[in-house]
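Beneath this line is the structure, given in structure tokens, with notes to follow.
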Amino acid sequence: MTLPLFVDRTEAGRKLATSLEHLRATDPVIVGLPRGGVPVGAAVARALEAPLDVILVRKLGVPGQPEVAMGAVGEGGVGVLDDDTIGRAGVTTAQIAVVEASERRELDRRSQRFEIGRSRLDLAGRFVIVVDDGIATGSTARAACEVVRAQGARRVVLAVPVAPVGWDDRLAHAADEYVCLATPEPFVAVGRFYGDFSQTSDDEVVRCLRNAAMRSDRAARSLSHRDQGPQS
């Protein structure tokens, strides 16, 4: 039996942050893919003292085999299709449209859920680190990178704790830089490499975002007080 590489997503994020330390000086924004990428991204954001947000992306599952990705959709009308998977599975254009419509409804629901009481971060001109808990097919990660670029990111870094061998070649041009801690073989599923890979809830995503926002607010107030200097 193979021992897990990470205790849980938080530990994975802390370890991933050490490989992203060279980006601290770029004043990056960390964006996690909900749900599982957000606790990983939260740990990275905490370690790098960076702000945290989400990039809303949904996998398009093959009809009857929802665990198999045939593409992904994201905010702003972004969509990615895996023609090879679609061809092998014999999925029709009409079936794709039905799945896409369902997943876009879920995107809208999550957008409303995750934006309550906070403002989304402006990514224009920023170094953006896109974080997930692992890569399987890469469809959702590719869509996330496209969303980030569409929002004006200056440079896109895709960072994950674990992925299959050759994952960065499959995602060529999706990001400007790729960071991964481990590419074990054989690669069966992302969850295999975690001790705790329990499902991340919407509430946990909201909690991560709120905690990160509070840390950013405290840091901003502290910097403002230092800039003002002692009061006479």
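Letters A, B, ... go to the chains of the structure tokens in the order shown; residues in each chain start at 1; ligands are counted from 1 in the same order.
Every protein, DNA or RNA residue with an atom at most 8 Å from stretch 149-158 of chain A, where only C-alpha atoms count and chain neighbours fewer than 6 positions away do not, is listed here: A:Asp122, A:Leu123, A:Ala124, A:Gly125, A:Arg126, A:Phe127, A:Val128, A:Ile129, A:Val130, A:Val131, A:Ala141, A:Ala175, A:Asp176, A:Glu177, A:Tyr178, A:Val179.
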Set out as a tab-separated table a contact list for stretch 110-171 of chain A and stretch 211-218 of chain A with a cut-off of 12 Å, giving each residue of stretch 110-171 of chain A that qualifies its closest atom pair and distance in Å to one decimal, counting only C-alpha atoms, ordered by chain and rising residue number.
```
residue	atom	partner	partner_atom	distance
A:Glu115	CA	A:Ala213	CA	11.9
A:Gly117	CA	A:Ala213	CA	10.6
A:Arg118	CA	A:Ala213	CA	8.2
A:Ser119	CA	A:Ala213	CA	9.5
A:Arg120	CA	A:Ala213	CA	10.3
A:Leu121	CA	A:Ala213	CA	10.1
```
Which of these residues is nearest to A:Ala72, using only C-alpha atoms: A:Leu5, A:Ala143, A:Leu16, A:Val148?
->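 Among the listed residues, A:Ala143 lies closest to A:Ala72.
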Tell me, counting only C-alpha atoms, for each residue of stretch 56-95 of chain A within 10 Å of stretch 31-41 of chain A, which pair of atoms is nearest and how far apart they are in Å to one decimal, in rows ordered by chain and increasing number, as CSV.
```
residue,atom,partner,partner_atom,distance
A:Leu56,CA,A:Leu33,CA,6.5
A:Val57,CA,A:Leu33,CA,6.8
A:Arg58,CA,A:Pro34,CA,8.8
```
All residues 10 Å or closer to stretch 7-13 of chain A, only C-alpha atoms, same chain fewer than 3 positions away omitted, as an NGL selection string | :A and (3-4 or 16-18 or 36-47 or 131-134 or 159-162 or 181 or 191 or 193-198 or 200)
Export of prior selection with N, CA and C atoms as a compact mmCIF listing (two decimals), in the first residue's frame:
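Here's the written file out_34.txt:
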```txt
# COMPACT_ATOMS: atom_id res chain seq x y z
N LEU A 3 1.91 4.94 0.78
CA LEU A 3 1.60 5.94 1.80
C LEU A 3 1.22 7.25 1.12
N PRO A 4 0.28 8.00 1.69
CA PRO A 4 -0.12 9.28 1.08
C PRO A 4 1.03 10.28 1.11
N LEU A 16 3.38 23.21 -0.89
CA LEU A 16 3.40 23.85 -2.21
C LEU A 16 3.93 25.27 -2.11
N ALA A 17 3.61 25.95 -1.03
CA ALA A 17 4.06 27.34 -0.86
C ALA A 17 5.57 27.46 -0.87
N THR A 18 6.28 26.44 -0.38
CA THR A 18 7.74 26.51 -0.36
C THR A 18 8.31 26.54 -1.78
N GLY A 36 -12.06 21.85 -3.87
CA GLY A 36 -10.86 21.31 -3.24
C GLY A 36 -9.62 22.15 -3.35
N GLY A 37 -9.51 22.98 -4.38
CA GLY A 37 -8.33 23.81 -4.52
C GLY A 37 -8.28 24.99 -3.58
N VAL A 38 -9.41 25.34 -2.99
CA VAL A 38 -9.45 26.54 -2.13
C VAL A 38 -8.68 26.33 -0.81
N PRO A 39 -8.87 25.22 -0.07
CA PRO A 39 -8.06 25.05 1.14
C PRO A 39 -6.57 24.94 0.84
N VAL A 40 -6.20 24.36 -0.31
CA VAL A 40 -4.79 24.33 -0.71
C VAL A 40 -4.32 25.76 -0.97
N GLY A 41 -5.11 26.50 -1.74
CA GLY A 41 -4.77 27.89 -2.03
C GLY A 41 -4.73 28.76 -0.79
N ALA A 42 -5.60 28.48 0.18
CA ALA A 42 -5.63 29.26 1.41
C ALA A 42 -4.32 29.11 2.17
N ALA A 43 -3.78 27.89 2.21
CA ALA A 43 -2.51 27.67 2.89
C ALA A 43 -1.37 28.36 2.15
N VAL A 44 -1.42 28.35 0.82
CA VAL A 44 -0.41 29.05 0.04
C VAL A 44 -0.49 30.56 0.29
N ALA A 45 -1.71 31.09 0.26
CA ALA A 45 -1.90 32.52 0.48
C ALA A 45 -1.40 32.95 1.86
N ARG A 46 -1.68 32.13 2.86
CA ARG A 46 -1.23 32.44 4.21
C ARG A 46 0.30 32.47 4.28
N ALA A 47 0.94 31.48 3.66
CA ALA A 47 2.40 31.39 3.72
C ALA A 47 3.07 32.54 2.96
N VAL A 131 -4.38 27.65 -8.19
CA VAL A 131 -4.07 26.49 -7.35
C VAL A 131 -5.23 25.50 -7.35
N ASP A 132 -4.90 24.21 -7.52
CA ASP A 132 -5.88 23.15 -7.33
C ASP A 132 -5.24 22.07 -6.45
N ASP A 133 -6.06 21.10 -6.01
CA ASP A 133 -5.51 20.06 -5.15
C ASP A 133 -4.82 18.95 -5.94
N GLY A 134 -4.89 19.01 -7.27
CA GLY A 134 -4.22 18.04 -8.12
C GLY A 134 -4.77 18.13 -9.53
N ALA A 159 -0.22 25.96 -10.18
CA ALA A 159 0.50 25.24 -9.14
C ALA A 159 -0.39 24.18 -8.49
N VAL A 160 0.12 22.96 -8.41
CA VAL A 160 -0.63 21.85 -7.80
C VAL A 160 0.33 20.98 -7.00
N PRO A 161 -0.18 20.30 -5.97
CA PRO A 161 0.68 19.40 -5.22
C PRO A 161 1.06 18.13 -5.99
N VAL A 162 0.13 17.61 -6.81
CA VAL A 162 0.38 16.32 -7.46
C VAL A 162 -0.30 16.29 -8.82
N LEU A 181 4.66 19.50 -7.01
CA LEU A 181 5.54 18.87 -6.05
C LEU A 181 5.87 17.43 -6.40
N GLY A 191 -7.03 11.77 -5.29
CA GLY A 191 -7.31 11.44 -3.90
C GLY A 191 -6.44 10.36 -3.32
N PHE A 193 -3.38 10.19 -3.21
CA PHE A 193 -2.15 10.71 -2.64
C PHE A 193 -2.38 11.58 -1.40
N TYR A 194 -3.62 11.58 -0.90
CA TYR A 194 -3.97 12.31 0.32
C TYR A 194 -4.46 11.35 1.39
N GLY A 195 -4.06 11.61 2.64
CA GLY A 195 -4.61 10.83 3.74
C GLY A 195 -6.07 11.18 3.95
N ASP A 196 -6.38 12.47 3.94
CA ASP A 196 -7.75 12.96 4.07
C ASP A 196 -8.10 13.71 2.80
N PHE A 197 -8.97 13.12 1.98
CA PHE A 197 -9.42 13.76 0.74
C PHE A 197 -10.93 13.90 0.76
N SER A 198 -11.46 14.18 1.96
CA SER A 198 -12.90 14.34 2.10
C SER A 198 -13.37 15.56 1.32
N THR A 200 -14.72 18.97 0.12
CA THR A 200 -14.73 20.33 0.66
C THR A 200 -16.13 20.91 0.46
```
Within stretch 42-147 of chain A, find each residue whose DSSP state, derived from the backbone, is helix (DSSP H, G or I), and express the selection as a VMD selection string.
-> chain A and resid 42 to 48 75 to 77 83 to 89 93 to 114 139 to 147
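For stretch 87-95 of chain A, the residues within 9 Å (counting only C-alpha atoms, excluding itself and residues fewer than 3 positions away along the chain) are Val62, Pro63, Met70, Asp82, Asp83, Asp84, Val98, Val99 and Glu100 of chain A.
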Next, write the just-selected residues to a file, as a PDB file, in the first residue's frame, keeping N, CA and C atoms as the atom set.
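The result, written out as again.pdb:
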```pdb
ATOM      1  N   VAL A  62     -18.728  13.187 -18.789  1.00  0.00           N
ATOM      2  CA  VAL A  62     -19.341  12.387 -19.852  1.00  0.00           C
ATOM      3  C   VAL A  62     -20.681  11.845 -19.358  1.00  0.00           C
ATOM      4  N   PRO A  63     -21.750  11.963 -20.136  1.00  0.00           N
ATOM      5  CA  PRO A  63     -23.050  11.415 -19.720  1.00  0.00           C
ATOM      6  C   PRO A  63     -22.950   9.932 -19.361  1.00  0.00           C
ATOM      7  N   MET A  70     -14.920  15.551 -20.034  1.00  0.00           N
ATOM      8  CA  MET A  70     -14.843  15.781 -21.483  1.00  0.00           C
ATOM      9  C   MET A  70     -14.626  17.258 -21.777  1.00  0.00           C
ATOM     10  N   ASP A  82     -12.554  18.521 -24.591  1.00  0.00           N
ATOM     11  CA  ASP A  82     -11.555  17.498 -24.893  1.00  0.00           C
ATOM     12  C   ASP A  82     -12.101  16.652 -26.040  1.00  0.00           C
ATOM     13  N   ASP A  83     -11.682  16.968 -27.250  1.00  0.00           N
ATOM     14  CA  ASP A  83     -12.233  16.294 -28.426  1.00  0.00           C
ATOM     15  C   ASP A  83     -11.938  14.798 -28.436  1.00  0.00           C
ATOM     16  N   ASP A  84     -10.775  14.402 -27.913  1.00  0.00           N
ATOM     17  CA  ASP A  84     -10.427  12.983 -27.895  1.00  0.00           C
ATOM     18  C   ASP A  84     -11.395  12.199 -27.014  1.00  0.00           C
ATOM     19  N   VAL A  98     -26.523  19.898 -23.086  1.00  0.00           N
ATOM     20  CA  VAL A  98     -27.298  19.642 -21.868  1.00  0.00           C
ATOM     21  C   VAL A  98     -26.394  19.688 -20.640  1.00  0.00           C
ATOM     22  N   VAL A  99     -25.237  19.022 -20.721  1.00  0.00           N
ATOM     23  CA  VAL A  99     -24.301  18.998 -19.586  1.00  0.00           C
ATOM     24  C   VAL A  99     -23.775  20.402 -19.308  1.00  0.00           C
ATOM     25  N   GLU A 100     -23.445  21.128 -20.365  1.00  0.00           N
ATOM     26  CA  GLU A 100     -22.903  22.474 -20.181  1.00  0.00           C
ATOM     27  C   GLU A 100     -23.928  23.395 -19.528  1.00  0.00           C
TER      28      GLU A 100
END
```
May I have all residues of stretch 32-80 of chain A that DSSP, computed from the backbone, assigns to strand (DSSP E), given as an mmCIF file with C-alpha atoms, in the first residue's frame?
```
data_model
loop_
_atom_site.group_PDB
_atom_site.id
_atom_site.type_symbol
_atom_site.label_atom_id
_atom_site.label_comp_id
_atom_site.auth_asym_id
_atom_site.auth_seq_id
_atom_site.Cartn_x
_atom_site.Cartn_y
_atom_site.Cartn_z
ATOM 1 C CA GLY A 32 -8.189 28.400 -5.867
ATOM 2 C CA LEU A 52 -7.009 34.769 -1.922
ATOM 3 C CA ASP A 53 -9.949 34.423 -4.290
ATOM 4 C CA VAL A 54 -11.692 31.717 -6.304
ATOM 5 C CA VAL A 57 -14.839 26.428 -13.102
ATOM 6 C CA ARG A 58 -16.944 23.277 -13.543
ATOM 7 C CA LYS A 59 -15.956 19.977 -15.095
ATOM 8 C CA LEU A 60 -18.124 18.662 -17.917
ATOM 9 C CA GLY A 61 -18.630 14.983 -17.180
ATOM 10 C CA VAL A 62 -19.341 12.387 -19.852
ATOM 11 C CA GLN A 65 -19.713 8.589 -16.558
ATOM 12 C CA PRO A 66 -19.668 11.929 -14.750
ATOM 13 C CA GLU A 67 -16.247 11.236 -13.217
ATOM 14 C CA VAL A 68 -14.712 11.294 -16.731
ATOM 15 C CA ALA A 69 -14.050 14.861 -17.898
ATOM 16 C CA MET A 70 -14.843 15.781 -21.483
ATOM 17 C CA GLY A 71 -14.137 19.462 -20.866
ATOM 18 C CA ALA A 72 -14.859 22.318 -18.511
ATOM 19 C CA VAL A 73 -16.643 25.657 -18.339
ATOM 20 C CA GLY A 74 -15.723 28.781 -16.438
ATOM 21 C CA GLY A 79 -15.296 26.764 -22.254
ATOM 22 C CA VAL A 80 -12.800 23.967 -22.973
#
```
Can you tell me, as number ranges by chain, what residues are no more than 7 Å from A:Ala174 when counting only C-alpha atoms, ignoring any on the same chain fewer than 3 positions away?
-> A: 142, 145-146, 171
